>>> print(open('data_15.cif').read())   # mmCIF, C-alpha atoms and all ligand atoms
data_work
loop_
_atom_site.label_atom_id
_atom_site.label_comp_id
_atom_site.auth_asym_id
_atom_site.auth_seq_id
_atom_site.Cartn_x
_atom_site.Cartn_y
_atom_site.Cartn_z
CA MET T 167 -13.23 -27.24 -115.12
CA VAL T 168 -9.93 -29.05 -115.69
CA ASN T 169 -9.19 -30.22 -119.21
CA PHE T 170 -6.69 -32.88 -120.23
CA LEU T 171 -5.46 -34.17 -123.56
CA ILE T 172 -4.57 -37.87 -123.64
CA PHE T 173 -2.10 -38.09 -126.42
CA GLY T 174 0.01 -40.73 -128.15
CA PRO T 175 0.31 -42.85 -131.27
CA PRO T 176 -2.26 -45.47 -132.35
CA GLY T 177 -2.23 -48.34 -129.84
CA SER T 178 -0.54 -46.31 -127.10
CA GLY T 179 -3.48 -46.90 -124.75
CA LYS T 180 -5.37 -43.60 -124.99
CA GLY T 181 -8.81 -45.21 -125.05
CA THR T 182 -8.04 -47.87 -122.43
CA GLN T 183 -6.70 -45.33 -119.95
CA SER T 184 -9.26 -42.61 -120.72
CA VAL T 185 -12.21 -44.77 -119.70
CA ARG T 186 -10.66 -45.44 -116.30
CA LEU T 187 -9.39 -41.89 -115.77
CA ALA T 188 -12.73 -40.33 -116.68
CA GLU T 189 -14.42 -42.48 -114.07
CA LYS T 190 -11.84 -41.78 -111.39
CA PHE T 191 -11.80 -38.00 -111.82
CA ASN T 192 -15.42 -37.45 -112.99
CA LEU T 193 -14.30 -36.17 -116.38
CA ILE T 194 -16.19 -36.39 -119.66
CA HIS T 195 -14.30 -38.66 -122.07
CA LEU T 196 -14.45 -37.32 -125.62
CA SER T 197 -12.96 -39.60 -128.28
CA THR T 198 -13.34 -38.41 -131.87
CA GLY T 199 -12.46 -41.93 -133.08
CA ASP T 200 -15.39 -43.37 -131.07
CA MET T 201 -17.71 -40.60 -132.31
CA LEU T 202 -16.75 -41.28 -135.94
CA ARG T 203 -17.21 -45.06 -135.50
CA ALA T 204 -20.66 -44.36 -134.00
CA GLU T 205 -21.56 -42.40 -137.16
CA ILE T 206 -20.42 -45.36 -139.28
CA ALA T 207 -22.38 -47.84 -137.14
CA ALA T 208 -25.50 -45.66 -137.45
CA GLY T 209 -25.08 -45.63 -141.24
CA THR T 210 -25.22 -41.81 -141.54
CA GLU T 211 -24.07 -39.98 -144.68
CA LEU T 212 -21.17 -38.53 -142.72
CA GLY T 213 -20.23 -42.02 -141.48
CA LYS T 214 -20.23 -43.40 -145.01
CA LYS T 215 -17.91 -40.66 -146.24
CA MET T 216 -15.55 -40.87 -143.27
CA SER T 217 -15.25 -44.67 -143.22
CA GLN T 218 -13.27 -44.69 -146.45
CA ILE T 219 -10.72 -42.24 -145.05
CA MET T 220 -10.49 -44.06 -141.71
CA SER T 221 -10.02 -47.50 -143.23
CA LYS T 222 -6.88 -46.18 -144.96
CA GLY T 223 -5.55 -44.74 -141.70
CA GLU T 224 -5.72 -41.14 -142.94
CA LEU T 225 -7.14 -38.24 -140.95
CA VAL T 226 -10.67 -37.01 -141.60
CA PRO T 227 -11.02 -33.26 -142.34
CA ASP T 228 -10.40 -30.90 -139.40
CA GLU T 229 -13.85 -29.24 -139.72
CA VAL T 230 -15.64 -32.55 -139.19
CA VAL T 231 -14.04 -33.32 -135.82
CA ILE T 232 -13.98 -29.69 -134.65
CA GLU T 233 -17.74 -29.48 -135.16
CA MET T 234 -18.30 -32.75 -133.27
CA ILE T 235 -16.22 -31.58 -130.32
CA ALA T 236 -17.87 -28.13 -130.20
CA PHE T 237 -21.28 -29.79 -130.02
CA LYS T 238 -20.19 -32.10 -127.19
CA ILE T 239 -18.60 -29.28 -125.19
CA ASP T 240 -21.80 -27.25 -125.36
CA ASN T 241 -24.01 -30.18 -124.49
CA SER T 242 -22.15 -31.67 -121.54
CA ARG T 243 -21.56 -29.13 -118.82
CA ASP T 244 -22.10 -31.22 -115.69
CA ALA T 245 -18.59 -32.53 -115.05
CA ALA T 246 -15.27 -31.63 -113.48
CA GLY T 247 -13.77 -31.25 -116.94
CA PHE T 248 -13.00 -32.95 -120.23
CA LEU T 249 -10.59 -35.69 -121.24
CA PHE T 250 -9.84 -35.38 -124.95
CA ASP T 251 -8.74 -38.69 -126.55
CA GLY T 252 -7.49 -38.70 -130.14
CA PHE T 253 -8.32 -35.01 -130.52
CA PRO T 254 -6.63 -32.70 -131.45
CA ARG T 255 -4.71 -34.49 -134.23
CA THR T 256 -3.31 -31.47 -136.09
CA VAL T 257 -1.97 -28.08 -135.02
CA SER T 258 -4.99 -26.46 -136.59
CA GLN T 259 -7.34 -28.66 -134.49
CA THR T 260 -5.32 -27.61 -131.42
CA GLU T 261 -5.78 -23.92 -132.24
CA ALA T 262 -9.51 -24.49 -132.75
CA LEU T 263 -9.80 -26.33 -129.42
CA GLU T 264 -7.93 -23.60 -127.54
CA LYS T 265 -10.21 -20.98 -129.07
CA MET T 266 -13.35 -22.97 -128.20
CA LEU T 267 -12.22 -23.45 -124.60
CA ASN T 268 -11.03 -19.86 -124.16
CA GLU T 269 -14.35 -18.51 -125.41
CA ARG T 270 -16.02 -20.56 -122.68
CA GLY T 271 -13.60 -19.48 -119.93
CA MET T 272 -11.56 -22.71 -120.03
CA LYS T 273 -8.15 -23.87 -121.24
CA ILE T 274 -6.13 -27.02 -121.90
CA ASP T 275 -4.58 -27.68 -118.48
CA SER T 276 -2.28 -30.57 -119.35
CA MET T 277 -1.23 -32.74 -122.27
CA LEU T 278 -0.33 -36.27 -121.18
CA VAL T 279 1.68 -38.03 -123.89
CA LEU T 280 2.00 -41.83 -123.75
CA ASP T 281 5.42 -42.94 -125.00
CA VAL T 282 5.35 -46.50 -126.38
CA ASP T 283 7.92 -48.34 -128.55
CA HIS T 284 6.99 -48.84 -132.18
CA ASP T 285 7.06 -52.65 -131.99
CA GLU T 286 4.79 -52.67 -128.95
CA LEU T 287 2.23 -50.44 -130.76
CA VAL T 288 2.11 -52.83 -133.70
CA LYS T 289 1.89 -55.85 -131.39
CA ARG T 290 -1.07 -54.38 -129.46
CA LEU T 291 -3.01 -53.40 -132.59
CA ILE T 292 -2.45 -56.72 -134.34
CA ALA T 293 -3.61 -58.50 -131.17
CA ARG T 294 -6.76 -56.33 -131.15
CA ALA T 295 -7.56 -56.83 -134.83
CA GLU T 296 -9.55 -60.02 -134.26
CA LEU T 297 -11.63 -58.55 -131.46
CA SER T 298 -12.23 -54.97 -132.55
CA GLY T 299 -13.53 -55.55 -136.06
CA ARG T 300 -11.90 -52.21 -136.90
CA PRO T 301 -10.87 -52.18 -140.57
CA ASP T 302 -7.86 -50.00 -139.69
CA ASP T 303 -6.51 -52.74 -137.36
CA LYS T 304 -6.70 -55.56 -139.92
CA ASP T 305 -4.00 -54.58 -142.39
CA PRO T 306 -0.41 -54.15 -141.06
CA ALA T 307 0.25 -51.59 -143.83
CA VAL T 308 -2.65 -49.46 -142.55
CA ILE T 309 -1.29 -49.72 -138.99
CA GLU T 310 2.09 -48.44 -140.24
CA ASN T 311 0.36 -45.63 -142.12
CA ARG T 312 -1.53 -44.58 -138.97
CA ILE T 313 1.80 -44.41 -137.11
CA ASP T 314 3.38 -42.38 -139.96
CA VAL T 315 0.42 -39.98 -140.06
CA TYR T 316 0.78 -39.53 -136.29
CA LYS T 317 4.46 -38.64 -136.67
CA GLU T 318 3.92 -36.26 -139.54
CA LYS T 319 0.68 -34.47 -138.64
CA THR T 320 0.02 -35.05 -134.94
CA GLU T 321 3.41 -35.04 -133.21
CA PRO T 322 4.03 -31.34 -134.02
CA ILE T 323 1.33 -30.57 -131.42
CA ILE T 324 3.85 -31.64 -128.76
CA GLU T 325 6.10 -28.69 -129.57
CA TYR T 326 3.07 -26.38 -129.64
CA CYS T 327 2.01 -27.53 -126.16
CA SER T 328 5.60 -27.53 -124.81
CA LYS T 329 5.75 -23.81 -125.51
CA ARG T 330 2.64 -23.37 -123.35
CA GLY T 331 4.23 -25.38 -120.52
CA ILE T 332 1.53 -28.06 -120.50
CA TYR T 333 3.45 -31.00 -122.03
CA GLN T 334 3.80 -34.03 -119.75
CA PRO T 335 5.48 -37.14 -121.20
CA VAL T 336 4.35 -40.43 -119.61
CA ASN T 337 6.00 -43.85 -119.89
CA GLY T 338 3.34 -45.88 -121.73
CA MET T 339 5.16 -49.23 -121.50
CA GLY T 340 4.19 -51.87 -118.92
CA THR T 341 0.90 -53.11 -117.54
CA ILE T 342 -2.37 -51.18 -117.90
CA GLU T 343 -2.39 -50.83 -114.10
CA ASP T 344 1.15 -49.41 -113.91
CA ILE T 345 0.44 -46.84 -116.62
CA PHE T 346 -2.85 -45.87 -114.93
CA GLY T 347 -0.89 -45.24 -111.73
CA ARG T 348 1.58 -42.96 -113.54
CA LEU T 349 -1.21 -41.00 -115.25
CA THR T 350 -3.23 -40.51 -112.06
CA GLY T 351 -0.08 -39.28 -110.31
CA TYR T 352 0.43 -36.53 -112.90
CA MET T 353 -3.26 -35.65 -112.99
CA LYS T 354 -3.50 -35.27 -109.21
CA GLU T 355 -0.82 -32.57 -109.42
CA ILE T 356 -3.12 -30.55 -111.70
CA ILE T 357 -6.59 -31.24 -110.25
P1 LIG T 401 -8.74 -43.35 -133.09
O1 LIG T 401 -9.96 -44.09 -132.76
O2 LIG T 401 -8.37 -42.19 -132.27
O3 LIG T 401 -7.59 -44.43 -133.16
P2 LIG T 401 -5.98 -44.37 -133.01
O4 LIG T 401 -5.40 -43.09 -132.61
O5 LIG T 401 -5.47 -45.00 -134.24
O6 LIG T 401 -5.68 -45.20 -131.77
P3 LIG T 401 -6.37 -46.43 -131.16
O7 LIG T 401 -7.73 -46.07 -130.68
O8 LIG T 401 -6.24 -47.59 -132.06
O9 LIG T 401 -5.38 -46.66 -129.93
P4 LIG T 401 -5.40 -46.10 -128.45
O10 LIG T 401 -4.22 -45.23 -128.22
O11 LIG T 401 -6.74 -45.57 -128.06
O12 LIG T 401 -5.11 -47.44 -127.69
P5 LIG T 401 -6.15 -48.47 -127.00
O13 LIG T 401 -6.40 -48.04 -125.60
O14 LIG T 401 -7.29 -48.68 -127.88
O15 LIG T 401 -8.81 -42.88 -134.62
C1 LIG T 401 -9.21 -43.75 -135.64
C2 LIG T 401 -9.31 -42.98 -136.95
O16 LIG T 401 -10.35 -42.01 -136.86
C3 LIG T 401 -8.07 -42.17 -137.35
O17 LIG T 401 -7.13 -42.95 -138.05
C4 LIG T 401 -8.70 -41.10 -138.24
O18 LIG T 401 -9.01 -41.61 -139.50
C5 LIG T 401 -9.99 -40.81 -137.52
N1 LIG T 401 -9.86 -39.74 -136.52
C6 LIG T 401 -10.09 -39.86 -135.17
N2 LIG T 401 -9.91 -38.70 -134.56
C7 LIG T 401 -9.54 -37.81 -135.51
C8 LIG T 401 -9.19 -36.44 -135.47
N3 LIG T 401 -9.16 -35.76 -134.33
N4 LIG T 401 -8.84 -35.84 -136.66
C9 LIG T 401 -8.87 -36.52 -137.82
N5 LIG T 401 -9.18 -37.83 -137.92
C10 LIG T 401 -9.52 -38.48 -136.78
O19 LIG T 401 -5.22 -49.76 -126.94
C11 LIG T 401 -4.94 -50.50 -128.10
C12 LIG T 401 -4.93 -52.00 -127.77
O20 LIG T 401 -3.87 -52.27 -126.86
C13 LIG T 401 -6.20 -52.48 -127.06
O21 LIG T 401 -6.54 -53.77 -127.52
C14 LIG T 401 -5.82 -52.50 -125.59
O22 LIG T 401 -6.56 -53.44 -124.86
C15 LIG T 401 -4.35 -52.84 -125.66
N6 LIG T 401 -3.56 -52.23 -124.57
C16 LIG T 401 -3.70 -50.98 -124.05
N7 LIG T 401 -2.79 -50.77 -123.09
C17 LIG T 401 -2.03 -51.90 -123.01
C18 LIG T 401 -0.93 -52.30 -122.20
N8 LIG T 401 -0.40 -51.48 -121.27
N9 LIG T 401 -0.40 -53.50 -122.42
C19 LIG T 401 -0.93 -54.37 -123.34
N10 LIG T 401 -1.99 -54.06 -124.14
C20 LIG T 401 -2.53 -52.84 -123.96
MG MG T 402 -8.50 -45.08 -129.13
#
>>> encode(input="data_15.cif", output="structure tokens")
Amino acid sequence: MVNFLIFGPPGSGKGTQSVRLAEKFNLIHLSTGDMLRAEIAAGTELGKKMSQIMSKGELVPDEVVIEMIAFKIDNSRDAAGFLFDGFPRTVSQTEALEKMLNERGMKIDSMLVLDVDHDELVKRLIARAELSGRPDDKDPAVIENRIDVYKEKTEPIIEYCSKRGIYQPVNGMGTIEDIFGRLTGYMKEII
């Protein structure tokens, strides 16, 4: 099993690229954002509680996403590996993921971090607002908060992964096709 983190701020292209990469390399794409939105769409109690936090652009509690990921890891074994998108989001989620993988004889093999200019992030998310129906895309102040939360709580994971020698920065500017080419290049070195 080969396990990758697709990392980067909101709007950096994690979801867009993950779908294509998962197909190309036969990886299981696990997006905690998608899982949480599925809970909201299904109208579950958990979804109702989490939607308020998500619509403000804040992070949901670590335990919630850690439990979701643990369940998925144990219930999807038939693949070449996992592609984690939007998880982990805090150092404590990273420690939990490492522990989960280690206990199952796996590890995080590479962390691919999409670097995108601030203005481009905002431009992409505002452009998506009409189509996505996501409440966290509608309000520019919420978009800025999501970017701030990323800097404060999520970016420290980069240092954590650098120390393990698995940090790979990737230029996330340009066309979807160009960025896909860069990502596949780095991933082929690992797989
Ligand atoms: P999540 O769903 O993970 O959202 P996010 O990180 O805010 O990022 P996005 O999904 O908006 O962006 P993306 O990087 O996937 O880019 P995309 O490919 O879509 O999280 C949502 C919320 O859930 C969080 O705020 C939090 O509340 C909660 N949550 C989720 N996980 C959590 C966790 N682990 N812990 C705690 N809370 C958690 O692209 C964006 C747009 O740009 C698209 O329209 C796309 O078509 C377009 N685009 C992509 N690439 C390009 C390109 N090269 N050029 C032009 N346009 C492009
Ligand atoms: Mg996404």
>>> residues_near_ligand(input="data_15.cif", ligand="ligand LIG 401 (chain T)", cutoff="7 Å", atoms="all atoms listed in the file", output="ChimeraX atom specification")
/T:174-183,197-200,202,219-220,223-228,231,251-255,290-291,293-294,312,338-342,345
>>> write_last_selection(input="data_15.cif", atoms="C-alpha atoms", output="CSV table (one decimal), in the frame of the given file")
chain,number,residue,atom,x,y,z
T,174,GLY,CA,0.0,-40.7,-128.2
T,175,PRO,CA,0.3,-42.8,-131.3
T,176,PRO,CA,-2.3,-45.5,-132.4
T,177,GLY,CA,-2.2,-48.3,-129.8
T,178,SER,CA,-0.5,-46.3,-127.1
T,179,GLY,CA,-3.5,-46.9,-124.8
T,180,LYS,CA,-5.4,-43.6,-125.0
T,181,GLY,CA,-8.8,-45.2,-125.0
T,182,THR,CA,-8.0,-47.9,-122.4
T,183,GLN,CA,-6.7,-45.3,-120.0
T,197,SER,CA,-13.0,-39.6,-128.3
T,198,THR,CA,-13.3,-38.4,-131.9
T,199,GLY,CA,-12.5,-41.9,-133.1
T,200,ASP,CA,-15.4,-43.4,-131.1
T,202,LEU,CA,-16.8,-41.3,-135.9
T,219,ILE,CA,-10.7,-42.2,-145.0
T,220,MET,CA,-10.5,-44.1,-141.7
T,223,GLY,CA,-5.6,-44.7,-141.7
T,224,GLU,CA,-5.7,-41.1,-142.9
T,225,LEU,CA,-7.1,-38.2,-141.0
T,226,VAL,CA,-10.7,-37.0,-141.6
T,227,PRO,CA,-11.0,-33.3,-142.3
T,228,ASP,CA,-10.4,-30.9,-139.4
T,231,VAL,CA,-14.0,-33.3,-135.8
T,251,ASP,CA,-8.7,-38.7,-126.6
T,252,GLY,CA,-7.5,-38.7,-130.1
T,253,PHE,CA,-8.3,-35.0,-130.5
T,254,PRO,CA,-6.6,-32.7,-131.4
T,255,ARG,CA,-4.7,-34.5,-134.2
T,290,ARG,CA,-1.1,-54.4,-129.5
T,291,LEU,CA,-3.0,-53.4,-132.6
T,293,ALA,CA,-3.6,-58.5,-131.2
T,294,ARG,CA,-6.8,-56.3,-131.2
T,312,ARG,CA,-1.5,-44.6,-139.0
T,338,GLY,CA,3.3,-45.9,-121.7
T,339,MET,CA,5.2,-49.2,-121.5
T,340,GLY,CA,4.2,-51.9,-118.9
T,341,THR,CA,0.9,-53.1,-117.5
T,342,ILE,CA,-2.4,-51.2,-117.9
T,345,ILE,CA,0.4,-46.8,-116.6
>>> closest_residue(input="data_15.cif", among="T:Met216, T:Ala307, T:Leu193, T:Met201", to="ligand MG 402 (chain T)", atoms="all atoms listed in the file")
T:Met201
>>> closest_residue(input="data_15.cif", among="T:Val185, T:Leu297, T:Met167, T:Ile274", to="ligand MG 402 (chain T)", atoms="only C-alpha atoms and all ligand atoms")
T:Val185
>>> closest_residue(input="data_15.cif", among="T:Ser276, T:Ser328, T:Thr256, T:Ser184", to="ligand MG 402 (chain T)", atoms="all atoms listed in the file")
T:Ser184
>>> atom_distance(input="data_15.cif", atom1="atom CA of T:Glu269", atom2="atom CA of T:Lys238")
14.9 Å
>>> closest_residue(input="data_15.cif", among="T:Lys222, T:Arg348, T:Glu261, T:Ile239", to="T:Ile313", atoms="all atoms listed in the file")
T:Lys222
>>> closest_residue(input="data_15.cif", among="T:Arg203, T:Lys190, T:Lys317, T:Lys215", to="ligand MG 402 (chain T)", atoms="all atoms listed in the file")
T:Arg203
>>> decode(input="data_15.cif", residues="stretch 326-353 of chain T", atoms="N, CA, C and O atoms", output="mmCIF file, in the first residue's frame")
data_model
loop_
_atom_site.group_PDB
_atom_site.id
_atom_site.type_symbol
_atom_site.label_atom_id
_atom_site.label_comp_id
_atom_site.auth_asym_id
_atom_site.auth_seq_id
_atom_site.Cartn_x
_atom_site.Cartn_y
_atom_site.Cartn_z
ATOM 1 N N TYR T 326 6.024 19.250 10.462
ATOM 2 C CA TYR T 326 5.963 17.898 11.028
ATOM 3 C C TYR T 326 6.372 16.860 9.977
ATOM 4 O O TYR T 326 7.163 15.956 10.241
ATOM 5 N N CYS T 327 5.844 17.012 8.747
ATOM 6 C CA CYS T 327 6.140 16.048 7.688
ATOM 7 C C CYS T 327 7.535 16.264 7.088
ATOM 8 O O CYS T 327 8.169 15.301 6.648
ATOM 9 N N SER T 328 7.998 17.532 7.097
ATOM 10 C CA SER T 328 9.366 17.803 6.621
ATOM 11 C C SER T 328 10.366 17.011 7.436
ATOM 12 O O SER T 328 11.314 16.432 6.893
ATOM 13 N N LYS T 329 10.153 16.983 8.739
ATOM 14 C CA LYS T 329 11.083 16.266 9.626
ATOM 15 C C LYS T 329 11.108 14.774 9.306
ATOM 16 O O LYS T 329 12.090 14.097 9.577
ATOM 17 N N ARG T 330 10.031 14.252 8.748
ATOM 18 C CA ARG T 330 9.984 12.836 8.381
ATOM 19 C C ARG T 330 10.461 12.601 6.950
ATOM 20 O O ARG T 330 10.447 11.471 6.459
ATOM 21 N N GLY T 331 10.835 13.698 6.265
ATOM 22 C CA GLY T 331 11.377 13.568 4.904
ATOM 23 C C GLY T 331 10.338 13.214 3.854
ATOM 24 O O GLY T 331 10.674 12.672 2.795
ATOM 25 N N ILE T 332 9.066 13.543 4.116
ATOM 26 C CA ILE T 332 8.027 13.159 3.146
ATOM 27 C C ILE T 332 7.334 14.377 2.519
ATOM 28 O O ILE T 332 6.345 14.229 1.819
ATOM 29 N N TYR T 333 7.868 15.572 2.787
ATOM 30 C CA TYR T 333 7.240 16.809 2.277
ATOM 31 C C TYR T 333 7.657 17.076 0.834
ATOM 32 O O TYR T 333 8.846 17.157 0.543
ATOM 33 N N GLN T 334 6.669 17.211 -0.053
ATOM 34 C CA GLN T 334 6.950 17.526 -1.456
ATOM 35 C C GLN T 334 6.108 18.724 -1.910
ATOM 36 O O GLN T 334 4.912 18.587 -2.159
ATOM 37 N N PRO T 335 6.705 19.913 -1.985
ATOM 38 C CA PRO T 335 5.941 21.057 -2.496
ATOM 39 C C PRO T 335 5.683 20.904 -3.997
ATOM 40 O O PRO T 335 6.528 20.371 -4.716
ATOM 41 N N VAL T 336 4.515 21.366 -4.439
ATOM 42 C CA VAL T 336 4.129 21.260 -5.852
ATOM 43 C C VAL T 336 3.548 22.601 -6.293
ATOM 44 O O VAL T 336 2.690 23.157 -5.602
ATOM 45 N N ASN T 337 4.011 23.102 -7.436
ATOM 46 C CA ASN T 337 3.456 24.347 -7.967
ATOM 47 C C ASN T 337 1.999 24.096 -8.369
ATOM 48 O O ASN T 337 1.726 23.326 -9.284
ATOM 49 N N GLY T 338 1.069 24.766 -7.666
ATOM 50 C CA GLY T 338 -0.356 24.552 -7.912
ATOM 51 C C GLY T 338 -0.991 25.615 -8.783
ATOM 52 O O GLY T 338 -2.214 25.709 -8.868
ATOM 53 N N MET T 339 -0.146 26.427 -9.456
ATOM 54 C CA MET T 339 -0.641 27.470 -10.367
ATOM 55 C C MET T 339 -0.601 26.922 -11.798
ATOM 56 O O MET T 339 0.266 26.120 -12.130
ATOM 57 N N GLY T 340 -1.546 27.363 -12.624
ATOM 58 C CA GLY T 340 -1.565 26.935 -14.024
ATOM 59 C C GLY T 340 -2.821 26.143 -14.321
ATOM 60 O O GLY T 340 -3.787 26.193 -13.559
ATOM 61 N N THR T 341 -2.794 25.404 -15.436
ATOM 62 C CA THR T 341 -4.008 24.668 -15.810
ATOM 63 C C THR T 341 -4.108 23.373 -15.000
ATOM 64 O O THR T 341 -3.110 22.864 -14.477
ATOM 65 N N ILE T 342 -5.326 22.852 -14.909
ATOM 66 C CA ILE T 342 -5.569 21.593 -14.187
ATOM 67 C C ILE T 342 -4.675 20.495 -14.772
ATOM 68 O O ILE T 342 -4.088 19.694 -14.045
ATOM 69 N N GLU T 343 -4.535 20.491 -16.090
ATOM 70 C CA GLU T 343 -3.723 19.485 -16.779
ATOM 71 C C GLU T 343 -2.234 19.600 -16.403
ATOM 72 O O GLU T 343 -1.580 18.594 -16.121
ATOM 73 N N ASP T 344 -1.718 20.830 -16.395
ATOM 74 C CA ASP T 344 -0.302 21.035 -16.036
ATOM 75 C C ASP T 344 -0.021 20.549 -14.617
ATOM 76 O O ASP T 344 0.996 19.895 -14.351
ATOM 77 N N ILE T 345 -0.919 20.898 -13.706
ATOM 78 C CA ILE T 345 -0.709 20.536 -12.295
ATOM 79 C C ILE T 345 -0.802 19.018 -12.122
ATOM 80 O O ILE T 345 -0.013 18.412 -11.400
ATOM 81 N N PHE T 346 -1.732 18.401 -12.852
ATOM 82 C CA PHE T 346 -1.868 16.934 -12.831
ATOM 83 C C PHE T 346 -0.552 16.283 -13.287
ATOM 84 O O PHE T 346 -0.080 15.323 -12.677
ATOM 85 N N GLY T 347 0.039 16.848 -14.323
ATOM 86 C CA GLY T 347 1.309 16.318 -14.824
ATOM 87 C C GLY T 347 2.409 16.401 -13.768
ATOM 88 O O GLY T 347 3.169 15.452 -13.578
ATOM 89 N N ARG T 348 2.462 17.535 -13.056
ATOM 90 C CA ARG T 348 3.487 17.685 -12.005
ATOM 91 C C ARG T 348 3.258 16.656 -10.894
ATOM 92 O O ARG T 348 4.187 15.989 -10.448
ATOM 93 N N LEU T 349 2.005 16.528 -10.463
ATOM 94 C CA LEU T 349 1.692 15.598 -9.365
ATOM 95 C C LEU T 349 2.019 14.158 -9.756
ATOM 96 O O LEU T 349 2.627 13.419 -8.974
ATOM 97 N N THR T 350 1.616 13.758 -10.967
ATOM 98 C CA THR T 350 1.878 12.361 -11.364
ATOM 99 C C THR T 350 3.389 12.105 -11.438
ATOM 100 O O THR T 350 3.843 11.031 -11.071
ATOM 101 N N GLY T 351 4.140 13.112 -11.854
ATOM 102 C CA GLY T 351 5.598 12.965 -11.897
ATOM 103 C C GLY T 351 6.166 12.629 -10.524
ATOM 104 O O GLY T 351 6.940 11.682 -10.369
ATOM 105 N N TYR T 352 5.740 13.394 -9.513
ATOM 106 C CA TYR T 352 6.238 13.143 -8.148
ATOM 107 C C TYR T 352 5.748 11.793 -7.627
ATOM 108 O O TYR T 352 6.486 11.071 -6.955
ATOM 109 N N MET T 353 4.503 11.455 -7.950
ATOM 110 C CA MET T 353 3.944 10.208 -7.413
ATOM 111 C C MET T 353 4.608 8.985 -8.031
ATOM 112 O O MET T 353 4.818 7.981 -7.348
#
